[in-house]
Amino acid sequence: MTLHVPVARVDDFPSGTMRGVDHGGDTYVVANVDGTFCGLEGICSHEYAELAGGFLAGDQVVCPLHASAFDVRTGDVLGPPATEPIAIFPVEVMEGVVYLVLNE
């Protein structure tokens with residue numbers, strides 16, 4: 001079953017920002033990179049830290065704990081100390097609302 005979790009209205013989600021999303025006991029991040037919305041696992045793969053507490057630098061989300069960096073489009077590690085990628089998730093925009101798409 002596919003679930004669409006609302007994140008924000010497009011008008012309230014400017015480029016260069018990201019939002020944390022909690023659903024079903026899991027944490028996610030949705031980032032707006034130049035009008036493209038990207039969904040990611042919300043916990044750093046290096047050590048427990050919520051990525052929504054970090055910052056977005058272009059197309060990279062940077063962890064607030066040890067500054068590991070991840071590509072928001074692929075989840076690949078771009079900067080240590082993390083060595084494992086994070087999961088990515090689809091995002092859809094429908095009727096002006098950004099949704100994180102999850103399989104449950």
# chains A, B, ... in the order shown; residues from 1 in each chain; ligands from 1

call {"tool": "residues_around", "arguments": {"residues": "Met94 in chain A", "least_positions_apart": "3", "cutoff": "12 Å", "atoms": "only C-alpha atoms", "output": "PyMOL selection string"}}
result
chain A and resi 4-10+91+97-101

call {"tool": "residues_around", "arguments": {"residues": "Val30 in chain A", "least_positions_apart": "5", "cutoff": "6 Å", "atoms": "only C-alpha atoms", "output": "JSON, numbers by chain"}}
result
{"A": [18, 19, 38, 39]}

call {"tool": "residues_around", "arguments": {"residues": "Leu65 in chain A", "least_positions_apart": "5", "cutoff": "12 Å", "atoms": "only C-alpha atoms", "output": "list in words"}}
result
Ile43, Cys44, Ser45, His46, Glu47, Tyr48, Ala49, Glu50, Leu51, Ala52, Gly53, Gly54, Phe55, Pro80, Pro81 and Ala82 of chain A

call {"tool": "closest_residue", "arguments": {"among": "A:Val21, A:Leu40, A:Leu3, A:Val93", "to": "Asp71 in chain A", "atoms": "only C-alpha atoms"}}
result
A:Leu40

call {"tool": "select_by_dssp", "arguments": {"residues": "range 7-91 of chain A", "states": "strand (DSSP E)", "output": "NGL selection string"}}
result
:A and (7-9 or 17-23 or 26-33 or 36-41 or 55-57 or 60-62 or 69-71 or 77-79 or 88-89 or 91)

call {"tool": "write_last_selection", "arguments": {"atoms": "N, CA and C atoms", "output": "short mmCIF file (atom, residue, chain, number, x, y, z; two decimals), in the first residue's frame"}}
result
data_model
loop_
_atom_site.label_atom_id
_atom_site.label_comp_id
_atom_site.auth_asym_id
_atom_site.auth_seq_id
_atom_site.Cartn_x
_atom_site.Cartn_y
_atom_site.Cartn_z
N VAL A 7 3.68 17.08 3.71
CA VAL A 7 4.84 17.74 4.31
C VAL A 7 4.58 19.23 4.49
N ALA A 8 4.20 19.90 3.41
CA ALA A 8 3.97 21.35 3.45
C ALA A 8 3.35 21.77 2.12
N ARG A 9 2.79 22.95 2.11
CA ARG A 9 2.35 23.55 0.85
C ARG A 9 3.60 24.02 0.11
N THR A 17 15.58 24.90 1.45
CA THR A 17 15.17 24.54 2.81
C THR A 17 14.81 23.06 2.87
N MET A 18 14.72 22.55 4.08
CA MET A 18 14.31 21.17 4.28
C MET A 18 13.41 21.09 5.50
N ARG A 19 12.64 20.02 5.56
CA ARG A 19 11.69 19.80 6.65
C ARG A 19 11.83 18.38 7.16
N GLY A 20 11.75 18.22 8.48
CA GLY A 20 11.70 16.90 9.08
C GLY A 20 10.26 16.39 9.05
N VAL A 21 10.11 15.08 8.85
CA VAL A 21 8.80 14.45 8.82
C VAL A 21 8.87 13.19 9.67
N ASP A 22 7.96 13.08 10.64
CA ASP A 22 7.87 11.86 11.45
C ASP A 22 6.60 11.14 11.05
N HIS A 23 6.74 9.83 10.82
CA HIS A 23 5.57 9.03 10.49
C HIS A 23 5.81 7.58 10.91
N ASP A 26 9.10 6.48 12.36
CA ASP A 26 10.31 6.72 11.56
C ASP A 26 10.46 8.21 11.27
N THR A 27 11.69 8.61 11.00
CA THR A 27 12.00 10.01 10.74
C THR A 27 12.55 10.17 9.33
N TYR A 28 12.06 11.19 8.64
CA TYR A 28 12.45 11.46 7.26
C TYR A 28 12.79 12.94 7.12
N VAL A 29 13.41 13.28 6.00
CA VAL A 29 13.68 14.67 5.64
C VAL A 29 13.23 14.87 4.20
N VAL A 30 12.58 15.99 3.95
CA VAL A 30 12.26 16.38 2.58
C VAL A 30 12.97 17.70 2.32
N ALA A 31 13.73 17.75 1.23
CA ALA A 31 14.51 18.94 0.89
C ALA A 31 14.00 19.53 -0.42
N ASN A 32 14.04 20.85 -0.52
CA ASN A 32 13.70 21.55 -1.76
C ASN A 32 15.00 22.08 -2.35
N VAL A 33 15.44 21.46 -3.43
CA VAL A 33 16.67 21.87 -4.11
C VAL A 33 16.28 22.46 -5.46
N THR A 36 13.09 21.17 -6.89
CA THR A 36 12.95 19.72 -6.92
C THR A 36 12.91 19.22 -5.49
N PHE A 37 11.87 18.46 -5.16
CA PHE A 37 11.71 17.96 -3.79
C PHE A 37 12.28 16.55 -3.70
N CYS A 38 13.12 16.33 -2.67
CA CYS A 38 13.81 15.05 -2.48
C CYS A 38 13.51 14.52 -1.09
N GLY A 39 13.20 13.23 -0.99
CA GLY A 39 12.91 12.60 0.29
C GLY A 39 14.03 11.67 0.71
N LEU A 40 14.38 11.74 1.99
CA LEU A 40 15.50 10.97 2.53
C LEU A 40 15.17 10.39 3.89
N GLU A 41 15.89 9.34 4.23
CA GLU A 41 15.89 8.84 5.60
C GLU A 41 16.33 9.99 6.49
N PHE A 55 21.81 21.06 8.13
CA PHE A 55 21.50 22.11 7.16
C PHE A 55 21.65 21.59 5.75
N LEU A 56 21.05 22.32 4.83
CA LEU A 56 21.09 22.00 3.42
C LEU A 56 22.13 22.90 2.76
N ALA A 57 23.07 22.29 2.06
CA ALA A 57 24.12 23.03 1.35
C ALA A 57 24.05 22.62 -0.12
N GLN A 60 23.24 18.90 -0.86
CA GLN A 60 23.74 18.05 0.22
C GLN A 60 23.05 18.39 1.53
N VAL A 61 22.68 17.34 2.28
CA VAL A 61 22.23 17.56 3.64
C VAL A 61 23.41 17.22 4.54
N VAL A 62 23.67 18.10 5.50
CA VAL A 62 24.83 17.95 6.39
C VAL A 62 24.33 17.66 7.80
N ALA A 69 28.00 14.36 5.19
CA ALA A 69 27.19 14.96 4.13
C ALA A 69 26.65 13.86 3.22
N PHE A 70 25.40 14.06 2.78
CA PHE A 70 24.72 13.09 1.91
C PHE A 70 24.10 13.81 0.73
N ASP A 71 24.14 13.17 -0.44
CA ASP A 71 23.49 13.70 -1.63
C ASP A 71 21.98 13.53 -1.46
N VAL A 77 26.93 8.98 0.38
CA VAL A 77 27.79 9.73 1.29
C VAL A 77 28.70 10.63 0.46
N LEU A 78 28.75 11.91 0.82
CA LEU A 78 29.62 12.87 0.14
C LEU A 78 30.72 13.39 1.06
N GLY A 79 30.58 13.13 2.37
CA GLY A 79 31.58 13.60 3.31
C GLY A 79 31.56 12.77 4.58
N ILE A 88 16.57 6.79 0.15
CA ILE A 88 15.81 7.89 -0.45
C ILE A 88 14.38 7.43 -0.67
N PHE A 89 13.47 8.40 -0.76
CA PHE A 89 12.05 8.12 -0.92
C PHE A 89 11.47 9.09 -1.93
N VAL A 91 8.95 11.75 -3.68
CA VAL A 91 8.16 12.89 -3.24
C VAL A 91 7.28 13.30 -4.41
#

call {"tool": "closest_residue", "arguments": {"among": "A:Gly58, A:Gly35, A:Gly42, A:Pro14", "to": "Gly75 in chain A", "atoms": "only C-alpha atoms"}}
result
A:Gly42

call {"tool": "atom_distance", "arguments": {"atom1": "CA of Pro85 in chain A", "atom2": "CA of Asp12 in chain A"}}
result
28.8 Å

call {"tool": "select_by_dssp", "arguments": {"residues": "chain A", "states": "helix (DSSP H, G or I)", "output": "JSON, numbers by chain"}}
result
{"A": [10, 11, 12, 51, 52, 53]}

call {"tool": "write_last_selection", "arguments": {"atoms": "N, CA and C atoms", "output": "mmCIF file, in the first residue's frame"}}
result
data_model
loop_
_atom_site.group_PDB
_atom_site.id
_atom_site.type_symbol
_atom_site.label_atom_id
_atom_site.label_comp_id
_atom_site.auth_asym_id
_atom_site.auth_seq_id
_atom_site.Cartn_x
_atom_site.Cartn_y
_atom_site.Cartn_z
ATOM 1 N N VAL A 10 3.581 23.915 -1.196
ATOM 2 C CA VAL A 10 4.717 24.349 -2.012
ATOM 3 C C VAL A 10 5.057 25.807 -1.715
ATOM 4 N N ASP A 11 4.047 26.647 -1.567
ATOM 5 C CA ASP A 11 4.264 28.075 -1.305
ATOM 6 C C ASP A 11 4.955 28.340 0.031
ATOM 7 N N ASP A 12 4.866 27.376 0.956
ATOM 8 C CA ASP A 12 5.469 27.531 2.283
ATOM 9 C C ASP A 12 6.791 26.767 2.415
ATOM 10 N N LEU A 51 18.765 14.362 10.850
ATOM 11 C CA LEU A 51 19.320 15.205 9.792
ATOM 12 C C LEU A 51 18.574 16.516 9.626
ATOM 13 N N ALA A 52 17.309 16.562 10.017
ATOM 14 C CA ALA A 52 16.551 17.812 9.919
ATOM 15 C C ALA A 52 17.140 18.893 10.825
ATOM 16 N N GLY A 53 17.944 18.500 11.802
ATOM 17 C CA GLY A 53 18.616 19.460 12.676
ATOM 18 C C GLY A 53 19.896 20.004 12.079
#
